[in-house]
Amino acid sequence: MSLTVSIRIRRLTASKAIGQNRHDLRQAIPGYVNQERTADNDIILAPANPTTLRQTCSERRAQRHCQRILKSNAAIAMGGIITFGTEAQAVIQALSKADQRAMYLSVGQQLAERLNTTLTGLVVHNDEAAPHAHFQMPGYV
């Protein structure tokens, strides 16, 4: 029985954030995606662009009185994925779209709160083998 929720997080530089945004918004469609179901994806919160993320990080760093400026290759975001165990996937898919949105948003906001940051992107993918969502948060608290 696998009713688990799994969250994976990684740091994103500006260039990685660009690539992740392209993936999340399906501007670059991987071969494993069922293109007939791409319309079933849901952009709950459009991911911020790297310029906005860098500005947010700079503003937050200024409050901490850092002596150095933000490096050009610094991680400016945290990106990640929310996935589910095999039995939980069926439960998620049985929910209405509104309930799915509320559930994904709740998970994303709780994670951001726990990490002392804000949620700046949340996109649900229903066009792959398993339902999941990608999230984005500024890299500085």
# chains A, B, ... in the order shown; residues from 1 in each chain; ligands from 1
call {"tool": "select_by_dssp", "arguments": {"residues": "chain A", "states": "strand (DSSP E or B)", "output": "PyMOL selection string"}}
result
chain A and resi 5-12+42-45+77-84+121-125+132-138
call {"tool": "write_last_selection", "arguments": {"atoms": "N, CA and C atoms", "output": "short mmCIF file (atom, residue, chain, number, x, y, z; two decimals), in the first residue's frame"}}
result
data_model
loop_
_atom_site.label_atom_id
_atom_site.label_comp_id
_atom_site.auth_asym_id
_atom_site.auth_seq_id
_atom_site.Cartn_x
_atom_site.Cartn_y
_atom_site.Cartn_z
N VAL A 5 3.19 10.72 -0.14
CA VAL A 5 3.47 11.95 -0.88
C VAL A 5 4.97 12.15 -0.79
N SER A 6 5.60 12.45 -1.90
CA SER A 6 7.04 12.66 -1.93
C SER A 6 7.33 14.04 -2.51
N ILE A 7 8.27 14.74 -1.86
CA ILE A 7 8.67 16.07 -2.34
C ILE A 7 10.18 16.06 -2.51
N ARG A 8 10.63 16.42 -3.69
CA ARG A 8 12.07 16.55 -3.95
C ARG A 8 12.36 18.00 -4.30
N ILE A 9 13.47 18.50 -3.75
CA ILE A 9 13.85 19.90 -3.94
C ILE A 9 15.27 19.98 -4.45
N ARG A 10 15.53 20.95 -5.34
CA ARG A 10 16.90 21.22 -5.78
C ARG A 10 17.08 22.71 -5.97
N ARG A 11 18.34 23.14 -5.87
CA ARG A 11 18.66 24.55 -6.08
C ARG A 11 18.72 24.82 -7.58
N LEU A 12 18.29 26.02 -7.98
CA LEU A 12 18.30 26.40 -9.38
C LEU A 12 19.06 27.69 -9.58
N ASP A 42 -2.24 22.01 -15.54
CA ASP A 42 -2.87 23.14 -14.85
C ASP A 42 -1.79 24.07 -14.29
N ILE A 43 -1.80 25.29 -14.77
CA ILE A 43 -0.87 26.30 -14.23
C ILE A 43 -1.60 27.00 -13.09
N ILE A 44 -1.30 26.57 -11.87
CA ILE A 44 -1.93 27.16 -10.69
C ILE A 44 -1.29 28.52 -10.40
N LEU A 45 0.03 28.57 -10.50
CA LEU A 45 0.79 29.79 -10.28
C LEU A 45 1.94 29.79 -11.28
N ALA A 77 16.81 30.15 -6.88
CA ALA A 77 15.50 29.54 -6.64
C ALA A 77 15.68 28.12 -6.12
N MET A 78 14.61 27.66 -5.52
CA MET A 78 14.48 26.25 -5.18
C MET A 78 13.34 25.73 -6.05
N GLY A 79 13.61 24.68 -6.74
CA GLY A 79 12.58 24.07 -7.56
C GLY A 79 12.38 22.65 -7.10
N GLY A 80 11.23 22.11 -7.38
CA GLY A 80 11.00 20.75 -6.95
C GLY A 80 9.77 20.14 -7.56
N ILE A 81 9.50 18.93 -7.10
CA ILE A 81 8.39 18.16 -7.63
C ILE A 81 7.64 17.50 -6.48
N ILE A 82 6.33 17.47 -6.62
CA ILE A 82 5.45 16.80 -5.67
C ILE A 82 4.91 15.57 -6.39
N THR A 83 5.21 14.39 -5.86
CA THR A 83 4.76 13.14 -6.47
C THR A 83 4.03 12.29 -5.43
N PHE A 84 3.43 11.21 -5.90
CA PHE A 84 2.61 10.37 -5.03
C PHE A 84 2.91 8.90 -5.26
N GLY A 121 5.75 29.60 -8.03
CA GLY A 121 5.36 28.83 -9.21
C GLY A 121 4.81 27.48 -8.80
N LEU A 122 3.73 27.05 -9.47
CA LEU A 122 3.14 25.74 -9.21
C LEU A 122 2.38 25.30 -10.46
N VAL A 123 2.88 24.24 -11.08
CA VAL A 123 2.30 23.74 -12.33
C VAL A 123 2.06 22.24 -12.20
N VAL A 124 0.81 21.82 -12.48
CA VAL A 124 0.44 20.42 -12.41
C VAL A 124 0.59 19.79 -13.79
N HIS A 125 1.22 18.61 -13.82
CA HIS A 125 1.36 17.85 -15.07
C HIS A 125 0.49 16.60 -14.99
N HIS A 132 1.62 14.80 -11.11
CA HIS A 132 2.61 15.43 -10.24
C HIS A 132 2.57 16.93 -10.47
N ALA A 133 3.27 17.66 -9.62
CA ALA A 133 3.34 19.12 -9.78
C ALA A 133 4.77 19.58 -9.56
N HIS A 134 5.16 20.59 -10.31
CA HIS A 134 6.46 21.23 -10.15
C HIS A 134 6.23 22.56 -9.44
N PHE A 135 7.11 22.89 -8.49
CA PHE A 135 6.98 24.15 -7.76
C PHE A 135 8.28 24.93 -7.82
N GLN A 136 8.17 26.22 -7.51
CA GLN A 136 9.33 27.12 -7.52
C GLN A 136 9.19 28.09 -6.34
N MET A 137 10.34 28.39 -5.72
CA MET A 137 10.40 29.34 -4.61
C MET A 137 11.70 30.11 -4.71
N PRO A 138 11.72 31.39 -4.29
CA PRO A 138 13.00 32.12 -4.26
C PRO A 138 14.01 31.40 -3.36
#
call {"tool": "residues_around", "arguments": {"residues": "A:Ile76", "least_positions_apart": "5", "cutoff": "7 Å", "atoms": "only C-alpha atoms", "output": "list in words"}}
result
Leu12, Thr13, Ala14, Leu53, Arg54, Cys57, Pro138 and Gly139 of chain A
call {"tool": "residues_around", "arguments": {"residues": "A:Asn34", "least_positions_apart": "5", "cutoff": "10 Å", "atoms": "only C-alpha atoms", "output": "list in words"}}
result
Ile29, Asn126, Asp127, Glu128 and Ala129 of chain A
call {"tool": "residues_around", "arguments": {"residues": "stretch 61-68 of chain A", "least_positions_apart": "3", "cutoff": "9 Å", "atoms": "only C-alpha atoms", "output": "number ranges by chain"}}
result
A: 56-58, 71, 140-141
call {"tool": "select_by_dssp", "arguments": {"residues": "chain A", "states": "helix (DSSP H, G or I)", "output": "short mmCIF file (atom, residue, chain, number, x, y, z; two decimals) with all heavy atoms, in the first residue's frame"}}
result
data_model
loop_
_atom_site.label_atom_id
_atom_site.label_comp_id
_atom_site.auth_asym_id
_atom_site.auth_seq_id
_atom_site.Cartn_x
_atom_site.Cartn_y
_atom_site.Cartn_z
N ALA A 14 20.08 30.70 -12.41
CA ALA A 14 19.23 31.37 -13.40
C ALA A 14 19.05 30.51 -14.65
O ALA A 14 17.93 30.36 -15.15
CB ALA A 14 19.82 32.73 -13.76
N SER A 15 20.13 29.92 -15.14
CA SER A 15 20.01 29.11 -16.36
C SER A 15 19.19 27.85 -16.12
O SER A 15 18.40 27.45 -16.98
CB SER A 15 21.39 28.76 -16.92
OG SER A 15 22.12 27.99 -16.00
N LYS A 16 19.34 27.25 -14.95
CA LYS A 16 18.52 26.06 -14.64
C LYS A 16 17.07 26.45 -14.44
O LYS A 16 16.16 25.69 -14.80
CB LYS A 16 19.06 25.34 -13.41
CG LYS A 16 20.34 24.59 -13.69
CD LYS A 16 20.80 23.83 -12.47
CE LYS A 16 22.11 23.10 -12.78
NZ LYS A 16 22.62 22.39 -11.60
N ALA A 17 16.81 27.63 -13.88
CA ALA A 17 15.44 28.11 -13.70
C ALA A 17 14.76 28.32 -15.05
O ALA A 17 13.58 28.00 -15.22
CB ALA A 17 15.42 29.39 -12.88
N ILE A 18 15.51 28.83 -16.02
CA ILE A 18 14.96 29.01 -17.37
C ILE A 18 14.54 27.66 -17.94
O ILE A 18 13.44 27.49 -18.46
CB ILE A 18 15.98 29.70 -18.31
CG1 ILE A 18 16.16 31.16 -17.90
CG2 ILE A 18 15.55 29.59 -19.77
CD1 ILE A 18 17.33 31.85 -18.59
N GLY A 19 15.43 26.68 -17.84
CA GLY A 19 15.13 25.34 -18.35
C GLY A 19 13.94 24.71 -17.63
O GLY A 19 13.09 24.07 -18.26
N GLN A 20 13.90 24.88 -16.31
CA GLN A 20 12.79 24.31 -15.54
C GLN A 20 11.47 24.98 -15.91
O GLN A 20 10.45 24.31 -16.06
CB GLN A 20 13.05 24.44 -14.04
CG GLN A 20 12.05 23.66 -13.20
CD GLN A 20 12.10 22.17 -13.45
OE1 GLN A 20 13.17 21.57 -13.40
NE2 GLN A 20 10.96 21.56 -13.70
N ASN A 21 11.48 26.30 -16.09
CA ASN A 21 10.26 27.00 -16.50
C ASN A 21 9.78 26.51 -17.86
O ASN A 21 8.58 26.32 -18.07
CB ASN A 21 10.48 28.52 -16.54
CG ASN A 21 10.56 29.13 -15.16
OD1 ASN A 21 10.43 28.45 -14.15
ND2 ASN A 21 10.79 30.43 -15.11
N ARG A 22 10.72 26.31 -18.79
CA ARG A 22 10.35 25.80 -20.12
C ARG A 22 9.70 24.42 -20.01
O ARG A 22 8.73 24.13 -20.69
CB ARG A 22 11.56 25.75 -21.05
CG ARG A 22 12.02 27.12 -21.50
CD ARG A 22 13.29 27.08 -22.36
NE ARG A 22 13.33 26.07 -23.40
CZ ARG A 22 12.75 26.18 -24.61
NH1 ARG A 22 12.11 27.29 -24.92
NH2 ARG A 22 12.85 25.21 -25.49
N HIS A 23 10.26 23.58 -19.13
CA HIS A 23 9.69 22.24 -18.92
C HIS A 23 8.30 22.35 -18.27
O HIS A 23 7.34 21.75 -18.75
CB HIS A 23 10.61 21.40 -18.03
CG HIS A 23 9.98 20.11 -17.59
ND1 HIS A 23 9.99 18.99 -18.38
CD2 HIS A 23 9.32 19.78 -16.46
CE1 HIS A 23 9.35 18.02 -17.75
NE2 HIS A 23 8.94 18.47 -16.58
N ASP A 24 8.22 23.12 -17.19
CA ASP A 24 6.96 23.23 -16.45
C ASP A 24 5.83 23.76 -17.32
O ASP A 24 4.71 23.26 -17.25
CB ASP A 24 7.13 24.15 -15.24
CG ASP A 24 8.08 23.60 -14.19
OD1 ASP A 24 8.54 22.43 -14.33
OD2 ASP A 24 8.39 24.34 -13.23
N GLN A 35 1.16 14.04 -25.60
CA GLN A 35 0.76 15.36 -26.06
C GLN A 35 -0.76 15.52 -26.18
O GLN A 35 -1.26 16.64 -26.18
CB GLN A 35 1.45 15.69 -27.38
CG GLN A 35 2.95 15.85 -27.18
CD GLN A 35 3.67 16.36 -28.42
OE1 GLN A 35 3.08 17.02 -29.25
NE2 GLN A 35 4.94 16.03 -28.53
N GLU A 36 -1.49 14.43 -26.26
CA GLU A 36 -2.95 14.51 -26.30
C GLU A 36 -3.52 14.93 -24.95
O GLU A 36 -4.65 15.39 -24.87
CB GLU A 36 -3.54 13.16 -26.72
CG GLU A 36 -3.20 12.77 -28.14
CD GLU A 36 -3.70 11.38 -28.50
OE1 GLU A 36 -4.41 10.76 -27.68
OE2 GLU A 36 -3.39 10.92 -29.61
N ARG A 37 -2.73 14.78 -23.87
CA ARG A 37 -3.20 15.14 -22.53
C ARG A 37 -2.56 16.42 -22.00
O ARG A 37 -2.80 16.81 -20.86
CB ARG A 37 -2.92 13.98 -21.57
CG ARG A 37 -3.76 12.77 -21.90
CD ARG A 37 -3.64 11.61 -20.94
NE ARG A 37 -2.95 11.89 -19.71
CZ ARG A 37 -2.21 11.00 -19.06
NH1 ARG A 37 -2.06 9.79 -19.53
NH2 ARG A 37 -1.62 11.31 -17.92
N THR A 38 -1.75 17.11 -22.81
CA THR A 38 -1.09 18.33 -22.35
C THR A 38 -2.12 19.40 -21.95
O THR A 38 -1.87 20.17 -21.03
CB THR A 38 -0.13 18.86 -23.44
OG1 THR A 38 0.85 17.85 -23.67
CG2 THR A 38 0.58 20.11 -23.00
N ALA A 39 -3.27 19.41 -22.58
CA ALA A 39 -4.32 20.38 -22.23
C ALA A 39 -4.87 20.13 -20.82
O ALA A 39 -5.49 21.02 -20.23
CB ALA A 39 -5.45 20.32 -23.25
N ASP A 40 -4.62 18.94 -20.26
CA ASP A 40 -5.08 18.61 -18.91
C ASP A 40 -4.15 19.17 -17.83
O ASP A 40 -4.47 19.08 -16.64
CB ASP A 40 -5.20 17.09 -18.72
CG ASP A 40 -6.26 16.48 -19.63
OD1 ASP A 40 -7.18 17.21 -20.03
OD2 ASP A 40 -6.14 15.28 -19.93
N PRO A 50 13.67 34.30 -14.14
CA PRO A 50 14.91 34.45 -13.38
C PRO A 50 15.23 35.88 -12.95
O PRO A 50 15.77 36.08 -11.86
CB PRO A 50 15.97 33.90 -14.33
CG PRO A 50 15.24 32.92 -15.16
CD PRO A 50 13.88 33.52 -15.36
N THR A 51 14.87 36.85 -13.75
CA THR A 51 15.13 38.25 -13.37
C THR A 51 14.35 38.61 -12.11
O THR A 51 14.90 39.23 -11.19
CB THR A 51 14.74 39.19 -14.53
OG1 THR A 51 15.48 38.82 -15.70
CG2 THR A 51 15.02 40.64 -14.18
N THR A 52 13.10 38.22 -12.04
CA THR A 52 12.28 38.48 -10.86
C THR A 52 12.81 37.72 -9.65
O THR A 52 12.88 38.27 -8.55
CB THR A 52 10.81 38.08 -11.13
OG1 THR A 52 10.33 38.83 -12.26
CG2 THR A 52 9.93 38.34 -9.93
N LEU A 53 13.21 36.47 -9.86
CA LEU A 53 13.77 35.67 -8.76
C LEU A 53 15.05 36.30 -8.22
O LEU A 53 15.25 36.40 -7.01
CB LEU A 53 14.04 34.24 -9.22
CG LEU A 53 12.81 33.38 -9.48
CD1 LEU A 53 13.19 32.11 -10.22
CD2 LEU A 53 12.10 33.06 -8.17
N ARG A 54 15.93 36.73 -9.13
CA ARG A 54 17.19 37.36 -8.70
C ARG A 54 16.92 38.64 -7.91
O ARG A 54 17.55 38.91 -6.89
CB ARG A 54 18.08 37.66 -9.91
CG ARG A 54 19.42 38.31 -9.54
CD ARG A 54 20.33 38.44 -10.73
NE ARG A 54 20.82 37.16 -11.18
CZ ARG A 54 21.79 36.46 -10.57
NH1 ARG A 54 22.36 36.93 -9.49
NH2 ARG A 54 22.19 35.32 -11.05
N GLN A 55 15.95 39.43 -8.37
CA GLN A 55 15.60 40.66 -7.67
C GLN A 55 15.07 40.35 -6.27
O GLN A 55 15.44 41.00 -5.29
CB GLN A 55 14.56 41.45 -8.47
CG GLN A 55 14.15 42.75 -7.81
CD GLN A 55 13.13 43.51 -8.65
OE1 GLN A 55 12.81 43.14 -9.76
NE2 GLN A 55 12.62 44.58 -8.08
N THR A 56 14.21 39.36 -6.15
CA THR A 56 13.67 38.96 -4.85
C THR A 56 14.80 38.50 -3.93
O THR A 56 14.85 38.90 -2.76
CB THR A 56 12.63 37.82 -5.02
OG1 THR A 56 11.57 38.29 -5.84
CG2 THR A 56 12.09 37.37 -3.68
N CYS A 57 15.72 37.70 -4.46
CA CYS A 57 16.85 37.22 -3.65
C CYS A 57 17.72 38.39 -3.20
O CYS A 57 18.16 38.44 -2.05
CB CYS A 57 17.67 36.21 -4.45
SG CYS A 57 16.81 34.65 -4.71
N SER A 58 17.98 39.33 -4.09
CA SER A 58 18.80 40.50 -3.75
C SER A 58 18.14 41.33 -2.65
O SER A 58 18.80 41.78 -1.72
CB SER A 58 19.06 41.36 -4.98
OG SER A 58 19.86 40.66 -5.90
N GLU A 59 16.82 41.52 -2.75
CA GLU A 59 16.10 42.27 -1.74
C GLU A 59 16.15 41.56 -0.39
O GLU A 59 16.35 42.19 0.65
CB GLU A 59 14.64 42.47 -2.17
CG GLU A 59 14.48 43.43 -3.32
CD GLU A 59 13.08 43.39 -3.93
OE1 GLU A 59 12.22 42.61 -3.46
OE2 GLU A 59 12.86 44.15 -4.90
N ARG A 60 16.02 40.26 -0.40
CA ARG A 60 16.06 39.49 0.84
C ARG A 60 17.48 39.47 1.43
O ARG A 60 17.64 39.53 2.64
CB ARG A 60 15.54 38.08 0.62
CG ARG A 60 14.04 38.07 0.36
CD ARG A 60 13.51 36.70 0.10
NE ARG A 60 12.06 36.76 -0.10
CZ ARG A 60 11.31 35.71 -0.31
NH1 ARG A 60 11.84 34.50 -0.34
NH2 ARG A 60 10.01 35.85 -0.49
N ARG A 61 18.47 39.40 0.58
CA ARG A 61 19.86 39.44 1.06
C ARG A 61 20.18 40.81 1.68
O ARG A 61 20.91 40.89 2.65
CB ARG A 61 20.83 39.15 -0.09
CG ARG A 61 20.94 37.69 -0.45
CD ARG A 61 21.82 37.48 -1.67
NE ARG A 61 23.10 38.14 -1.59
CZ ARG A 61 24.20 37.60 -1.06
NH1 ARG A 61 24.15 36.38 -0.57
NH2 ARG A 61 25.34 38.26 -1.04
N ALA A 62 19.62 41.86 1.11
CA ALA A 62 19.87 43.22 1.63
C ALA A 62 19.36 43.36 3.06
O ALA A 62 19.95 44.09 3.86
CB ALA A 62 19.21 44.26 0.72
N GLN A 63 18.31 42.66 3.39
CA GLN A 63 17.78 42.70 4.75
C GLN A 63 18.71 42.00 5.74
O GLN A 63 18.64 42.24 6.93
CB GLN A 63 16.40 42.06 4.80
CG GLN A 63 15.36 42.82 4.03
CD GLN A 63 14.03 42.08 3.97
OE1 GLN A 63 13.84 41.04 4.59
NE2 GLN A 63 13.10 42.62 3.20
N THR A 86 1.89 4.88 -5.73
CA THR A 86 1.01 4.33 -6.76
C THR A 86 -0.46 4.34 -6.37
O THR A 86 -1.32 4.68 -7.19
CB THR A 86 1.44 2.90 -7.13
OG1 THR A 86 1.55 2.13 -5.93
CG2 THR A 86 2.78 2.90 -7.85
N GLU A 87 -0.79 3.98 -5.14
CA GLU A 87 -2.20 3.98 -4.73
C GLU A 87 -2.72 5.40 -4.52
O GLU A 87 -3.90 5.67 -4.76
CB GLU A 87 -2.38 3.13 -3.49
CG GLU A 87 -2.16 1.65 -3.78
CD GLU A 87 -2.35 0.76 -2.56
OE1 GLU A 87 -2.83 1.26 -1.53
OE2 GLU A 87 -2.03 -0.43 -2.66
N ALA A 88 -1.88 6.30 -4.09
CA ALA A 88 -2.30 7.69 -3.90
C ALA A 88 -2.61 8.35 -5.24
O ALA A 88 -3.48 9.23 -5.31
CB ALA A 88 -1.21 8.47 -3.17
N GLN A 89 -1.94 7.92 -6.31
CA GLN A 89 -2.20 8.50 -7.63
C GLN A 89 -3.66 8.33 -8.04
O GLN A 89 -4.27 9.25 -8.57
CB GLN A 89 -1.28 7.87 -8.67
CG GLN A 89 0.17 8.22 -8.49
CD GLN A 89 1.08 7.44 -9.42
OE1 GLN A 89 0.65 6.96 -10.48
NE2 GLN A 89 2.34 7.30 -9.04
N ALA A 90 -4.21 7.16 -7.76
CA ALA A 90 -5.62 6.91 -8.10
C ALA A 90 -6.54 7.82 -7.30
O ALA A 90 -7.55 8.31 -7.81
CB ALA A 90 -5.96 5.44 -7.86
N VAL A 91 -6.19 8.06 -6.05
CA VAL A 91 -6.98 8.95 -5.19
C VAL A 91 -6.94 10.37 -5.75
O VAL A 91 -7.97 11.04 -5.85
CB VAL A 91 -6.46 8.92 -3.73
CG1 VAL A 91 -7.16 9.96 -2.88
CG2 VAL A 91 -6.63 7.53 -3.14
N ILE A 92 -5.75 10.82 -6.15
CA ILE A 92 -5.60 12.17 -6.70
C ILE A 92 -6.40 12.31 -7.99
O ILE A 92 -7.11 13.29 -8.20
CB ILE A 92 -4.10 12.48 -6.98
CG1 ILE A 92 -3.27 12.40 -5.71
CG2 ILE A 92 -3.93 13.83 -7.67
CD1 ILE A 92 -3.70 13.30 -4.59
N GLN A 93 -6.29 11.32 -8.86
CA GLN A 93 -6.98 11.39 -10.15
C GLN A 93 -8.50 11.35 -10.00
O GLN A 93 -9.22 11.85 -10.87
CB GLN A 93 -6.49 10.29 -11.08
CG GLN A 93 -5.05 10.52 -11.53
CD GLN A 93 -4.45 9.34 -12.27
OE1 GLN A 93 -4.77 8.20 -12.00
NE2 GLN A 93 -3.57 9.64 -13.22
N ALA A 94 -9.00 10.78 -8.91
CA ALA A 94 -10.45 10.71 -8.67
C ALA A 94 -11.01 12.04 -8.15
O ALA A 94 -12.22 12.26 -8.21
CB ALA A 94 -10.76 9.59 -7.67
N LYS A 97 -11.06 18.65 -10.46
CA LYS A 97 -9.94 19.54 -10.78
C LYS A 97 -9.78 20.61 -9.69
O LYS A 97 -8.66 20.94 -9.30
CB LYS A 97 -10.14 20.19 -12.15
CG LYS A 97 -8.95 21.01 -12.59
CD LYS A 97 -9.08 21.49 -14.02
CE LYS A 97 -7.85 22.29 -14.40
NZ LYS A 97 -7.82 22.65 -15.81
N ALA A 98 -10.89 21.12 -9.19
CA ALA A 98 -10.83 22.14 -8.13
C ALA A 98 -10.20 21.58 -6.86
O ALA A 98 -9.38 22.24 -6.21
CB ALA A 98 -12.23 22.68 -7.84
N ASP A 99 -10.56 20.34 -6.50
CA ASP A 99 -9.98 19.73 -5.30
C ASP A 99 -8.51 19.41 -5.51
O ASP A 99 -7.71 19.53 -4.57
CB ASP A 99 -10.75 18.47 -4.92
CG ASP A 99 -12.12 18.77 -4.32
OD1 ASP A 99 -12.36 19.92 -3.90
OD2 ASP A 99 -12.97 17.84 -4.29
N GLN A 100 -8.14 19.00 -6.72
CA GLN A 100 -6.73 18.76 -7.02
C GLN A 100 -5.93 20.06 -6.87
O GLN A 100 -4.87 20.07 -6.25
CB GLN A 100 -6.55 18.22 -8.44
CG GLN A 100 -6.95 16.79 -8.61
CD GLN A 100 -6.71 16.29 -10.02
OE1 GLN A 100 -5.89 16.83 -10.76
NE2 GLN A 100 -7.46 15.27 -10.42
N ARG A 101 -6.46 21.13 -7.44
CA ARG A 101 -5.78 22.44 -7.34
C ARG A 101 -5.59 22.84 -5.88
O ARG A 101 -4.52 23.27 -5.49
CB ARG A 101 -6.59 23.54 -8.04
CG ARG A 101 -6.64 23.43 -9.52
CD ARG A 101 -7.39 24.59 -10.14
NE ARG A 101 -6.38 25.36 -10.85
CZ ARG A 101 -6.23 26.66 -10.78
NH1 ARG A 101 -7.03 27.38 -10.06
NH2 ARG A 101 -5.28 27.25 -11.46
N ALA A 102 -6.64 22.70 -5.10
CA ALA A 102 -6.57 23.07 -3.68
C ALA A 102 -5.54 22.22 -2.94
O ALA A 102 -4.78 22.73 -2.11
CB ALA A 102 -7.95 22.92 -3.04
N MET A 103 -5.48 20.92 -3.24
CA MET A 103 -4.54 20.03 -2.59
C MET A 103 -3.10 20.39 -2.96
O MET A 103 -2.25 20.52 -2.09
CB MET A 103 -4.85 18.58 -2.99
CG MET A 103 -3.99 17.53 -2.31
SD MET A 103 -2.49 17.02 -3.20
CE MET A 103 -3.06 16.80 -4.86
N TYR A 104 -2.83 20.58 -4.25
CA TYR A 104 -1.47 20.94 -4.68
C TYR A 104 -1.06 22.30 -4.09
O TYR A 104 0.06 22.46 -3.62
CB TYR A 104 -1.38 21.01 -6.21
CG TYR A 104 -1.27 19.68 -6.90
CD1 TYR A 104 -2.26 19.22 -7.75
CD2 TYR A 104 -0.14 18.88 -6.73
CE1 TYR A 104 -2.15 18.00 -8.41
CE2 TYR A 104 -0.01 17.67 -7.38
CZ TYR A 104 -1.03 17.23 -8.22
OH TYR A 104 -0.90 16.03 -8.86
N LEU A 105 -1.96 23.25 -4.11
CA LEU A 105 -1.66 24.58 -3.57
C LEU A 105 -1.39 24.50 -2.07
O LEU A 105 -0.45 25.14 -1.57
CB LEU A 105 -2.81 25.55 -3.87
CG LEU A 105 -2.55 27.01 -3.55
CD1 LEU A 105 -1.32 27.55 -4.28
CD2 LEU A 105 -3.78 27.84 -3.91
N SER A 106 -2.17 23.71 -1.36
CA SER A 106 -1.95 23.54 0.08
C SER A 106 -0.57 22.94 0.36
O SER A 106 0.16 23.43 1.23
CB SER A 106 -3.04 22.65 0.67
OG SER A 106 -2.79 22.39 2.03
N VAL A 107 -0.20 21.91 -0.38
CA VAL A 107 1.12 21.29 -0.20
C VAL A 107 2.22 22.31 -0.49
O VAL A 107 3.17 22.45 0.28
CB VAL A 107 1.28 20.03 -1.08
CG1 VAL A 107 2.71 19.52 -1.06
CG2 VAL A 107 0.33 18.93 -0.63
N GLY A 108 2.11 23.03 -1.60
CA GLY A 108 3.12 24.02 -1.97
C GLY A 108 3.25 25.14 -0.95
O GLY A 108 4.36 25.53 -0.58
N GLN A 109 2.13 25.65 -0.47
CA GLN A 109 2.17 26.74 0.51
C GLN A 109 2.71 26.27 1.86
O GLN A 109 3.45 27.00 2.51
CB GLN A 109 0.78 27.35 0.66
CG GLN A 109 0.37 28.16 -0.55
CD GLN A 109 -1.06 28.67 -0.47
OE1 GLN A 109 -1.93 28.07 0.17
NE2 GLN A 109 -1.31 29.79 -1.14
N GLN A 110 2.36 25.05 2.27
CA GLN A 110 2.89 24.52 3.52
C GLN A 110 4.40 24.32 3.44
O GLN A 110 5.12 24.61 4.40
CB GLN A 110 2.21 23.20 3.88
CG GLN A 110 0.78 23.36 4.35
CD GLN A 110 0.14 22.04 4.68
OE1 GLN A 110 0.68 21.25 5.43
NE2 GLN A 110 -1.04 21.80 4.09
N LEU A 111 4.87 23.87 2.30
CA LEU A 111 6.31 23.68 2.11
C LEU A 111 7.02 25.03 2.15
O LEU A 111 8.04 25.19 2.83
CB LEU A 111 6.59 22.97 0.79
CG LEU A 111 8.06 22.74 0.46
CD1 LEU A 111 8.71 21.84 1.51
CD2 LEU A 111 8.18 22.12 -0.93
N ALA A 112 6.48 26.03 1.45
CA ALA A 112 7.08 27.37 1.46
C ALA A 112 7.12 27.94 2.86
O ALA A 112 8.13 28.53 3.28
CB ALA A 112 6.31 28.30 0.52
N GLU A 113 6.04 27.75 3.60
CA GLU A 113 6.00 28.25 4.97
C GLU A 113 7.06 27.56 5.83
O GLU A 113 7.76 28.21 6.61
CB GLU A 113 4.61 28.02 5.56
CG GLU A 113 4.43 28.58 6.95
CD GLU A 113 3.01 28.37 7.47
OE1 GLU A 113 2.06 28.58 6.70
OE2 GLU A 113 2.88 28.00 8.66
N ARG A 114 7.18 26.27 5.66
CA ARG A 114 8.17 25.51 6.44
C ARG A 114 9.59 25.96 6.12
O ARG A 114 10.46 25.97 6.98
CB ARG A 114 8.00 24.02 6.19
CG ARG A 114 8.95 23.20 7.01
CD ARG A 114 8.65 21.74 6.91
NE ARG A 114 9.59 21.02 7.74
CZ ARG A 114 9.26 20.09 8.59
NH1 ARG A 114 8.01 19.76 8.73
NH2 ARG A 114 10.18 19.48 9.29
#
